[in-house]
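Undergrad: start_36.cif is reproduced in full below (mmCIF, C-alpha atoms).
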```
data_target
loop_
_atom_site.label_atom_id
_atom_site.label_comp_id
_atom_site.auth_asym_id
_atom_site.auth_seq_id
_atom_site.Cartn_x
_atom_site.Cartn_y
_atom_site.Cartn_z
CA MET A 227 138.63 106.41 115.41
CA ASP A 228 135.51 104.24 115.36
CA THR A 229 132.56 103.34 117.55
CA ARG A 230 134.55 100.55 119.17
CA GLN A 231 137.01 103.05 120.64
CA MET A 232 134.09 105.15 121.86
CA ARG A 233 132.69 102.12 123.67
CA TYR A 234 136.09 101.51 125.29
CA PHE A 235 136.18 105.09 126.52
CA VAL A 236 132.60 105.02 127.84
CA ALA A 237 133.40 101.84 129.80
CA LEU A 238 136.44 103.55 131.32
CA ALA A 239 134.50 106.73 132.10
CA GLU A 240 131.76 104.75 133.84
CA THR A 241 134.11 102.62 135.93
CA LEU A 242 137.07 105.01 136.30
CA HIS A 243 139.21 101.90 136.50
CA PHE A 244 141.25 100.40 133.65
CA GLY A 245 141.05 96.85 135.00
CA ARG A 246 137.30 96.85 135.60
CA ALA A 247 136.60 98.55 132.25
CA ALA A 248 138.71 95.96 130.43
CA ALA A 249 136.94 93.12 132.25
CA ARG A 250 133.54 94.57 131.28
CA LEU A 251 134.62 94.32 127.65
CA ASN A 252 136.17 90.86 128.07
CA MET A 253 139.66 92.22 127.44
CA THR A 254 142.90 92.17 129.32
CA GLN A 255 144.13 95.49 130.65
CA PRO A 256 147.24 96.11 128.47
CA PRO A 257 145.47 96.10 125.06
CA PHE A 258 142.60 98.08 126.60
CA SER A 259 145.02 100.73 127.87
CA ARG A 260 146.63 100.93 124.43
CA GLN A 261 143.23 101.55 122.83
CA ILE A 262 142.56 104.49 125.17
CA ALA A 263 146.05 105.86 124.51
CA ASN A 264 145.51 105.51 120.74
CA LEU A 265 142.18 107.32 121.06
CA GLU A 266 143.79 110.23 122.88
CA ARG A 267 146.59 110.34 120.31
CA ASP A 268 144.11 110.39 117.41
CA LEU A 269 142.11 113.17 119.05
CA GLY A 270 145.17 115.10 120.12
CA VAL A 271 143.74 115.71 123.61
CA ARG A 272 143.97 114.12 127.03
CA LEU A 273 140.69 112.52 128.05
CA VAL A 274 141.63 111.03 131.43
CA ASN A 275 143.97 111.91 134.26
CA ARG A 276 145.89 108.88 135.46
CA THR A 277 147.60 108.46 138.79
CA SER A 278 148.66 105.35 140.61
CA ARG A 279 145.62 105.68 142.85
CA GLN A 280 142.77 106.94 140.66
CA VAL A 281 141.48 107.76 137.22
CA SER A 282 139.41 110.88 136.50
CA LEU A 283 138.07 112.57 133.41
CA THR A 284 139.45 115.80 132.10
CA VAL A 285 137.07 118.55 131.03
CA ALA A 286 137.58 117.37 127.45
CA GLY A 287 136.92 113.80 128.59
CA GLN A 288 133.64 114.78 130.26
CA ARG A 289 132.42 116.41 127.04
CA PHE A 290 133.66 113.49 124.94
CA LEU A 291 131.74 111.09 127.22
CA GLU A 292 128.51 113.04 126.71
CA ASP A 293 128.94 113.16 122.94
CA SER A 294 130.07 109.51 122.73
CA ARG A 295 126.93 108.35 124.51
CA ALA A 296 124.82 110.35 122.10
CA VAL A 297 126.66 109.02 119.05
CA LEU A 298 126.54 105.42 120.28
CA GLY A 299 122.86 105.77 121.08
CA ARG A 300 122.09 106.99 117.56
CA PHE A 301 124.33 104.32 116.07
CA ASP A 302 122.63 101.54 118.01
CA ALA A 303 119.22 102.94 117.07
CA ALA A 304 120.24 103.04 113.41
CA CYS A 305 121.32 99.39 113.55
CA ARG A 306 118.12 98.39 115.32
CA ASP A 307 115.94 100.34 112.87
CA ALA A 308 117.73 98.80 109.88
CA ARG A 309 116.95 95.31 111.20
CA LEU A 310 113.33 96.26 111.93
CA VAL A 311 112.83 97.75 108.48
CA ALA A 312 114.41 94.71 106.82
CA GLY A 313 111.99 92.51 108.78
CA GLY A 314 108.95 94.60 107.92
CA GLN A 315 108.59 95.72 111.56
CA LYS A 316 109.25 99.38 110.85
CA GLY A 317 109.32 101.75 107.89
CA GLU A 318 106.68 103.21 105.61
CA LEU A 319 104.03 101.62 103.41
CA HIS A 320 102.46 103.62 100.59
CA PHE A 321 98.92 102.27 100.50
CA GLY A 322 96.50 103.33 97.77
CA PHE A 323 92.79 102.72 97.46
CA MET A 324 89.89 103.63 95.23
CA MET A 325 87.07 105.65 96.73
CA HIS A 326 84.72 102.67 96.34
CA ALA A 327 86.76 100.88 99.01
CA ALA A 328 87.00 103.78 101.45
CA HIS A 329 83.64 103.17 103.10
CA ARG A 330 83.85 99.51 104.10
CA ILE A 331 87.22 97.90 103.50
CA VAL A 332 90.01 100.43 103.88
CA PRO A 333 89.29 101.36 107.54
CA ARG A 334 89.27 97.67 108.48
CA ILE A 335 92.50 96.91 106.63
CA VAL A 336 94.25 99.96 108.10
CA SER A 337 93.09 99.06 111.60
CA SER A 338 94.13 95.41 111.29
CA TYR A 339 97.52 96.23 109.76
CA SER A 340 98.28 98.94 112.33
CA ALA A 341 97.55 96.45 115.10
CA ILE A 342 100.21 94.03 113.86
CA ARG A 343 102.70 96.63 112.60
CA PRO A 344 102.29 99.70 114.85
CA ASP A 345 105.72 101.06 113.92
CA VAL A 346 105.09 101.05 110.17
CA ARG A 347 103.83 104.41 108.96
CA LEU A 348 100.92 104.00 106.56
CA SER A 349 100.89 106.67 103.89
CA LEU A 350 97.31 106.60 102.55
CA SER A 351 96.50 107.75 99.03
CA GLU A 352 92.96 107.82 97.63
CA THR A 353 93.14 107.56 93.86
CA THR A 354 91.12 106.40 90.88
CA PRO A 355 91.20 102.78 89.69
CA ALA A 356 92.65 103.99 86.39
CA ASP A 357 95.69 105.47 88.14
CA ILE A 358 96.29 102.71 90.68
CA GLU A 359 98.01 100.26 88.34
CA HIS A 360 100.34 102.92 86.94
CA LYS A 361 101.32 104.02 90.44
CA LEU A 362 102.00 100.43 91.49
CA LEU A 363 104.19 99.82 88.46
CA SER A 364 106.09 103.08 88.96
CA GLY A 365 106.69 102.37 92.64
CA ALA A 366 104.64 105.34 93.85
CA LEU A 367 102.41 102.83 95.67
CA ASP A 368 103.44 99.64 97.45
CA ALA A 369 99.93 98.16 97.55
CA ALA A 370 96.42 99.22 96.59
CA VAL A 371 92.79 98.17 96.91
CA THR A 372 90.93 98.28 93.61
CA PHE A 373 88.67 96.29 91.31
CA SER A 374 89.98 93.07 89.81
CA GLY A 375 90.78 92.79 86.14
CA GLY A 376 93.24 94.43 83.81
CA SER A 377 96.32 93.66 85.87
CA ALA A 378 99.75 93.85 84.29
CA PRO A 379 101.73 90.60 84.60
CA GLN A 380 104.07 92.33 87.07
CA LEU A 381 101.21 92.68 89.55
CA GLU A 382 99.66 90.12 91.87
CA SER A 383 95.99 90.33 92.87
CA LEU A 384 94.66 88.98 96.15
CA PRO A 385 90.86 88.73 96.60
CA ILE A 386 89.44 90.77 99.48
CA PHE A 387 85.66 90.67 99.09
CA THR A 388 82.89 90.64 96.52
CA ASP A 389 80.81 93.79 96.10
CA ARG A 390 77.52 94.05 94.19
CA LEU A 391 75.80 96.74 92.23
CA CYS A 392 72.71 98.38 93.63
CA LEU A 393 70.45 101.19 92.45
CA VAL A 394 70.23 104.62 94.05
CA VAL A 395 67.34 106.96 93.25
CA PRO A 396 65.81 110.04 94.88
CA PRO A 397 62.80 109.38 97.17
CA SER A 398 60.37 110.85 94.63
CA HIS A 399 61.48 108.50 91.82
CA ARG A 400 59.01 105.96 90.49
CA LEU A 401 61.35 103.08 91.40
CA ALA A 402 61.84 104.20 95.01
CA SER A 403 58.87 102.09 96.18
CA ARG A 404 59.98 98.90 94.41
CA PRO A 405 61.43 96.21 96.69
CA VAL A 406 63.82 95.13 93.91
CA VAL A 407 64.61 96.52 90.47
CA GLY A 408 65.60 94.77 87.24
CA ALA A 409 67.59 96.00 84.27
CA GLN A 410 64.42 96.39 82.18
CA ASP A 411 63.06 98.86 84.75
CA LEU A 412 65.89 101.25 83.88
CA ARG A 413 64.93 101.65 80.24
CA ASP A 414 64.95 105.34 79.21
CA GLU A 415 66.41 106.41 82.53
CA ASP A 416 69.17 109.04 82.65
CA LEU A 417 72.20 107.37 84.21
CA ILE A 418 74.99 108.91 86.25
CA ALA A 419 78.16 106.81 86.34
CA THR A 420 81.93 106.96 86.58
CA PRO A 421 83.47 107.11 83.08
CA PRO A 422 85.47 104.14 81.76
CA THR A 423 88.65 106.24 81.78
CA VAL A 424 88.40 106.38 85.58
CA ALA A 425 86.90 103.00 86.57
CA GLN A 426 86.82 100.71 83.55
CA THR A 427 85.71 97.59 85.43
CA LEU A 428 82.80 99.35 87.12
CA HIS A 429 81.63 101.07 83.92
CA ARG A 430 81.87 97.86 81.92
CA THR A 431 79.87 95.96 84.56
CA ILE A 432 77.08 98.55 84.42
CA VAL A 433 76.94 98.45 80.61
CA GLU A 434 76.95 94.64 80.49
CA TYR A 435 74.20 94.36 83.11
CA LEU A 436 71.89 96.75 81.28
CA SER A 437 72.70 95.33 77.86
CA ALA A 438 71.89 91.80 79.06
CA GLY A 439 68.45 93.11 79.97
CA GLY A 440 67.98 94.66 76.56
CA VAL A 441 68.57 98.21 77.77
CA VAL A 442 70.79 100.67 75.91
CA PRO A 443 72.54 102.78 78.59
CA ARG A 444 71.99 106.51 78.39
CA PHE A 445 74.67 108.25 80.43
CA ARG A 446 73.82 111.84 81.25
CA PHE A 447 76.68 112.71 83.58
CA GLU A 448 80.00 110.93 84.16
CA PRO A 449 81.73 112.45 87.20
CA GLN A 450 84.86 110.85 88.61
CA LEU A 451 83.83 110.61 92.27
CA GLN A 452 81.13 108.41 93.73
CA ASN A 453 80.15 111.08 96.25
CA THR A 454 79.47 113.45 93.35
CA ILE A 455 77.34 110.79 91.69
CA LEU A 456 75.26 110.39 94.85
CA ARG A 457 74.76 114.14 95.15
CA LEU A 458 73.61 114.42 91.53
CA VAL A 459 71.14 111.59 92.06
CA ALA A 460 69.83 113.26 95.22
CA ALA A 461 69.30 116.42 93.16
CA GLY A 462 67.03 114.45 90.82
CA LEU A 463 69.37 114.60 87.83
CA GLY A 464 69.35 110.86 87.16
CA VAL A 465 69.76 107.42 88.72
CA ALA A 466 72.92 105.45 89.38
CA LEU A 467 74.18 101.91 89.69
CA VAL A 468 76.86 101.91 92.37
CA PRO A 469 78.68 99.35 94.55
CA GLU A 470 76.69 98.36 97.63
CA SER A 471 79.66 99.09 99.89
CA ILE A 472 79.36 102.85 99.42
CA CYS A 473 75.73 102.62 100.57
CA ASP A 474 76.36 100.73 103.83
CA GLU A 475 74.79 103.74 105.52
CA GLN A 476 71.70 105.09 103.80
CA PRO A 477 72.84 108.22 101.95
CA ASP A 478 70.88 111.36 102.77
CA GLY A 479 68.18 112.14 100.23
CA LEU A 480 68.53 108.80 98.48
CA VAL A 481 66.77 105.46 98.34
CA VAL A 482 68.87 102.32 97.80
CA ARG A 483 67.30 99.36 96.06
CA PRO A 484 68.76 95.90 95.35
CA LEU A 485 69.00 94.68 91.77
CA ILE A 486 67.62 91.45 90.35
CA ASP A 487 70.60 89.26 89.43
CA ALA A 488 72.90 92.01 90.68
CA PRO A 489 76.32 91.82 89.00
CA GLU A 490 79.29 91.22 91.27
CA LEU A 491 82.47 93.25 91.51
CA GLU A 492 85.58 91.58 92.86
CA VAL A 493 87.65 93.89 95.05
CA VAL A 494 91.30 92.92 95.36
CA LEU A 495 94.61 94.00 96.82
CA LYS A 496 97.20 94.55 94.10
CA VAL A 497 100.93 94.43 94.82
CA SER A 498 104.06 94.12 92.73
CA ARG A 499 105.31 90.56 92.32
CA GLU A 500 108.87 91.88 92.78
CA ARG A 501 108.15 94.02 95.81
CA ASP A 502 111.16 95.51 97.58
CA ASN A 503 109.44 96.99 100.62
CA PRO A 504 109.48 94.41 103.46
CA ALA A 505 106.43 96.10 105.02
CA VAL A 506 104.27 94.73 102.18
CA ALA A 507 104.64 91.08 103.22
CA PRO A 508 102.67 91.45 106.50
CA LEU A 509 99.87 93.18 104.56
CA VAL A 510 99.73 90.35 102.03
CA ALA A 511 99.66 87.79 104.86
CA LEU A 512 96.86 89.72 106.54
CA ILE A 513 94.70 89.77 103.41
CA ARG A 514 95.27 86.06 102.85
CA ALA A 515 94.45 85.13 106.43
CA GLN A 516 91.54 87.43 107.27
CA SER A 517 88.06 87.42 105.76
CA PHE A 518 86.69 90.82 104.81
CA SER A 519 83.57 89.45 103.15
CA ASP A 520 81.33 90.30 106.10
CA PRO A 521 80.93 94.08 106.43
CA ASP A 522 79.96 93.72 110.09
CA ALA A 523 82.95 91.54 111.01
#
```
Starting from the coordinates I provided, produce the structure as structure tokens.
TA:
Amino acid sequence: MDTRQMRYFVALAETLHFGRAAARLNMTQPPFSRQIANLERDLGVRLVNRTSRQVSLTVAGQRFLEDSRAVLGRFDAACRDARLVAGGQKGELHFGFMMHAAHRIVPRIVSSYSAIRPDVRLSLSETTPADIEHKLLSGALDAAVTFSGGSAPQLESLPIFTDRLCLVVPPSHRLASRPVVGAQDLRDEDLIATPPTVAQTLHRTIVEYLSAGGVVPRFRFEPQLQNTILRLVAAGLGVALVPESICDEQPDGLVVRPLIDAPELEVVLKVSRERDNPAVAPLVALIRAQSFSDPDA
């Protein structure tokens, strides 16, 4: 027994006429009648009562009709879903992002992607830049937003936008009143920054910026999370160089100041070059087609 025989039976049950049911299926009546007889033989039960004047369903036939409709409905849905998943129209996308991208970029990407692929479930995972590449290579993530640089050859990077470093200090700090701040102004300051084991690109950019200004960095605290860094600065425990995007809204208890010759940080989408998930392709097309450089766009 297969789904084809179920469809034959449903057609008969809905028409209660062998000739009309056969015509609905573009068959002649004799082979159609044989299919129904074969179905009853395989089941070992009578599904229809036949007389010269009418056809009716037995009690077993009525139950088989109900179950056949349910089975065929699930089967058709499974076929439809398989085609949608293969075309990237349905399924699940494991999307990772560093915290630095959560404030400005991730909400816009999620909103734009959900608009074009509403039936794809986005599984969001906030993780550190250090872990993103490993998770992409292992298949735990399908795509991720992170800093550029350090990519394995198996990964492709697509530019999203360019961030810049800025300075955050408490309101009582001597630099809070400066319109702009240079690297030399940070000499002998206690710095709070993400360690290189968590965000190597960001840490290296901070060190290179200060070193170019003749300043030897003095890191006092190295927490993993940017929100923790901002809280420590607000408590007066040091100053921090952070990406501008996490300061789009003025953090409470902090003053944000631009840097002279502020170093840039390229934020990218990383995906596997040999990606198997069809839901990734629409995301890649979205990043290539849409500009995320304007935070107000």
Undergrad: Which of these, A:Asp478, A:Asp307, A:Asp302, A:Glu266, has the shortest distance to A:Thr229 once you count all atoms listed in the file?
TA: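 Looking at the shortest contact to A:Thr229, the residue is A:Asp302.
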Undergrad: Do you know which residues lie at most 8 Å from (76.7, 90.9, 87.2), with coordinates as in the file and all atoms listed in the file counted, and could you write them as a ChimeraX atom specification?
TA: /A:390-391,431,434-435,487-491
Undergrad: To one decimal place in Å, what is the distance between atom CA of A:Val494 and atom CA of A:Glu448?
TA: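 Computing it gives 24.0 Å between the two atoms.
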Undergrad: Give the answer as one residue: which of A:Leu269, A:Leu367, A:Leu456, A:Val332 has the shortest atom-to-atom distance to A:Ile386, using only C-alpha atoms?
TA: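 Closest to A:Ile386, using only C-alpha atoms: A:Val332.
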Undergrad: Translate the PyMOL selection byres ((chain A and resi 290) around 12) into a concrete residue list for this structure, as a PDB file with C-alpha atoms, in the frame of the given file.
TA:
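Saved to selection_26.pdb:
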```pdb
ATOM      1  CA  GLN A 231     137.010 103.050 120.640  1.00  0.00           C
ATOM      2  CA  MET A 232     134.090 105.150 121.860  1.00  0.00           C
ATOM      3  CA  ARG A 233     132.690 102.120 123.670  1.00  0.00           C
ATOM      4  CA  PHE A 235     136.180 105.090 126.520  1.00  0.00           C
ATOM      5  CA  VAL A 236     132.600 105.020 127.840  1.00  0.00           C
ATOM      6  CA  ALA A 239     134.500 106.730 132.100  1.00  0.00           C
ATOM      7  CA  LEU A 265     142.180 107.320 121.060  1.00  0.00           C
ATOM      8  CA  GLU A 266     143.790 110.230 122.880  1.00  0.00           C
ATOM      9  CA  LEU A 269     142.110 113.170 119.050  1.00  0.00           C
ATOM     10  CA  VAL A 271     143.740 115.710 123.610  1.00  0.00           C
ATOM     11  CA  ARG A 272     143.970 114.120 127.030  1.00  0.00           C
ATOM     12  CA  LEU A 273     140.690 112.520 128.050  1.00  0.00           C
ATOM     13  CA  VAL A 274     141.630 111.030 131.430  1.00  0.00           C
ATOM     14  CA  LEU A 283     138.070 112.570 133.410  1.00  0.00           C
ATOM     15  CA  THR A 284     139.450 115.800 132.100  1.00  0.00           C
ATOM     16  CA  VAL A 285     137.070 118.550 131.030  1.00  0.00           C
ATOM     17  CA  ALA A 286     137.580 117.370 127.450  1.00  0.00           C
ATOM     18  CA  GLY A 287     136.920 113.800 128.590  1.00  0.00           C
ATOM     19  CA  GLN A 288     133.640 114.780 130.260  1.00  0.00           C
ATOM     20  CA  ARG A 289     132.420 116.410 127.040  1.00  0.00           C
ATOM     21  CA  LEU A 291     131.740 111.090 127.220  1.00  0.00           C
ATOM     22  CA  GLU A 292     128.510 113.040 126.710  1.00  0.00           C
ATOM     23  CA  ASP A 293     128.940 113.160 122.940  1.00  0.00           C
ATOM     24  CA  SER A 294     130.070 109.510 122.730  1.00  0.00           C
ATOM     25  CA  ARG A 295     126.930 108.350 124.510  1.00  0.00           C
ATOM     26  CA  ALA A 296     124.820 110.350 122.100  1.00  0.00           C
ATOM     27  CA  VAL A 297     126.660 109.020 119.050  1.00  0.00           C
ATOM     28  CA  LEU A 298     126.540 105.420 120.280  1.00  0.00           C
TER      29      LEU A 298
END
```
Undergrad: Starting from the sparse input, extend stretch 374-391 of chain A to N, CA, C and O atoms and give the output as a PDB file, keeping the file's coordinate frame.
TA:
```pdb
ATOM      1  N   SER A 374      89.180  94.071  90.519  1.00  0.00           N
ATOM      2  CA  SER A 374      89.980  93.070  89.810  1.00  0.00           C
ATOM      3  C   SER A 374      89.916  93.350  88.313  1.00  0.00           C
ATOM      4  O   SER A 374      89.107  94.137  87.840  1.00  0.00           O
ATOM      5  N   GLY A 375      90.768  92.653  87.599  1.00  0.00           N
ATOM      6  CA  GLY A 375      90.780  92.790  86.140  1.00  0.00           C
ATOM      7  C   GLY A 375      91.829  93.764  85.670  1.00  0.00           C
ATOM      8  O   GLY A 375      92.194  94.715  86.357  1.00  0.00           O
ATOM      9  N   GLY A 376      92.327  93.506  84.474  1.00  0.00           N
ATOM     10  CA  GLY A 376      93.240  94.430  83.810  1.00  0.00           C
ATOM     11  C   GLY A 376      94.622  94.527  84.401  1.00  0.00           C
ATOM     12  O   GLY A 376      95.341  95.479  84.147  1.00  0.00           O
ATOM     13  N   SER A 377      95.013  93.555  85.221  1.00  0.00           N
ATOM     14  CA  SER A 377      96.320  93.660  85.870  1.00  0.00           C
ATOM     15  C   SER A 377      97.460  93.352  84.918  1.00  0.00           C
ATOM     16  O   SER A 377      97.390  92.411  84.118  1.00  0.00           O
ATOM     17  N   ALA A 378      98.527  94.141  85.009  1.00  0.00           N
ATOM     18  CA  ALA A 378      99.750  93.850  84.290  1.00  0.00           C
ATOM     19  C   ALA A 378     100.367  92.582  84.884  1.00  0.00           C
ATOM     20  O   ALA A 378     100.153  92.265  86.063  1.00  0.00           O
ATOM     21  N   PRO A 379     101.146  91.844  84.086  1.00  0.00           N
ATOM     22  CA  PRO A 379     101.730  90.600  84.600  1.00  0.00           C
ATOM     23  C   PRO A 379     102.668  90.815  85.784  1.00  0.00           C
ATOM     24  O   PRO A 379     102.932  89.878  86.537  1.00  0.00           O
ATOM     25  N   GLN A 380     103.160  92.046  85.954  1.00  0.00           N
ATOM     26  CA  GLN A 380     104.070  92.330  87.070  1.00  0.00           C
ATOM     27  C   GLN A 380     103.337  92.453  88.402  1.00  0.00           C
ATOM     28  O   GLN A 380     103.972  92.522  89.452  1.00  0.00           O
ATOM     29  N   LEU A 381     101.989  92.470  88.332  1.00  0.00           N
ATOM     30  CA  LEU A 381     101.210  92.680  89.550  1.00  0.00           C
ATOM     31  C   LEU A 381     100.492  91.405  89.980  1.00  0.00           C
ATOM     32  O   LEU A 381     100.048  90.629  89.143  1.00  0.00           O
ATOM     33  N   GLU A 382     100.392  91.243  91.279  1.00  0.00           N
ATOM     34  CA  GLU A 382      99.660  90.120  91.870  1.00  0.00           C
ATOM     35  C   GLU A 382      98.375  90.651  92.490  1.00  0.00           C
ATOM     36  O   GLU A 382      98.368  91.712  93.116  1.00  0.00           O
ATOM     37  N   SER A 383      97.285  89.920  92.315  1.00  0.00           N
ATOM     38  CA  SER A 383      95.990  90.330  92.870  1.00  0.00           C
ATOM     39  C   SER A 383      95.535  89.320  93.914  1.00  0.00           C
ATOM     40  O   SER A 383      95.521  88.115  93.656  1.00  0.00           O
ATOM     41  N   LEU A 384      95.160  89.828  95.077  1.00  0.00           N
ATOM     42  CA  LEU A 384      94.660  88.980  96.150  1.00  0.00           C
ATOM     43  C   LEU A 384      93.215  89.353  96.452  1.00  0.00           C
ATOM     44  O   LEU A 384      92.927  90.515  96.763  1.00  0.00           O
ATOM     45  N   PRO A 385      92.272  88.412  96.352  1.00  0.00           N
ATOM     46  CA  PRO A 385      90.860  88.730  96.600  1.00  0.00           C
ATOM     47  C   PRO A 385      90.633  89.224  98.027  1.00  0.00           C
ATOM     48  O   PRO A 385      91.207  88.695  98.976  1.00  0.00           O
ATOM     49  N   ILE A 386      89.809  90.248  98.157  1.00  0.00           N
ATOM     50  CA  ILE A 386      89.440  90.770  99.480  1.00  0.00           C
ATOM     51  C   ILE A 386      87.973  90.485  99.772  1.00  0.00           C
ATOM     52  O   ILE A 386      87.639  89.848 100.766  1.00  0.00           O
ATOM     53  N   PHE A 387      87.076  90.956  98.901  1.00  0.00           N
ATOM     54  CA  PHE A 387      85.660  90.670  99.090  1.00  0.00           C
ATOM     55  C   PHE A 387      84.935  90.918  97.769  1.00  0.00           C
ATOM     56  O   PHE A 387      85.494  91.491  96.825  1.00  0.00           O
ATOM     57  N   THR A 388      83.707  90.465  97.705  1.00  0.00           N
ATOM     58  CA  THR A 388      82.890  90.640  96.520  1.00  0.00           C
ATOM     59  C   THR A 388      81.805  91.679  96.795  1.00  0.00           C
ATOM     60  O   THR A 388      81.003  91.526  97.710  1.00  0.00           O
ATOM     61  N   ASP A 389      81.826  92.741  96.011  1.00  0.00           N
ATOM     62  CA  ASP A 389      80.810  93.790  96.100  1.00  0.00           C
ATOM     63  C   ASP A 389      79.733  93.507  95.056  1.00  0.00           C
ATOM     64  O   ASP A 389      79.922  92.677  94.165  1.00  0.00           O
ATOM     65  N   ARG A 390      78.610  94.184  95.161  1.00  0.00           N
ATOM     66  CA  ARG A 390      77.520  94.050  94.190  1.00  0.00           C
ATOM     67  C   ARG A 390      76.991  95.415  93.826  1.00  0.00           C
ATOM     68  O   ARG A 390      77.060  96.348  94.623  1.00  0.00           O
ATOM     69  N   LEU A 391      76.437  95.499  92.631  1.00  0.00           N
ATOM     70  CA  LEU A 391      75.800  96.740  92.230  1.00  0.00           C
ATOM     71  C   LEU A 391      74.425  96.868  92.878  1.00  0.00           C
ATOM     72  O   LEU A 391      73.731  95.865  93.091  1.00  0.00           O
TER      73      LEU A 391
END
```
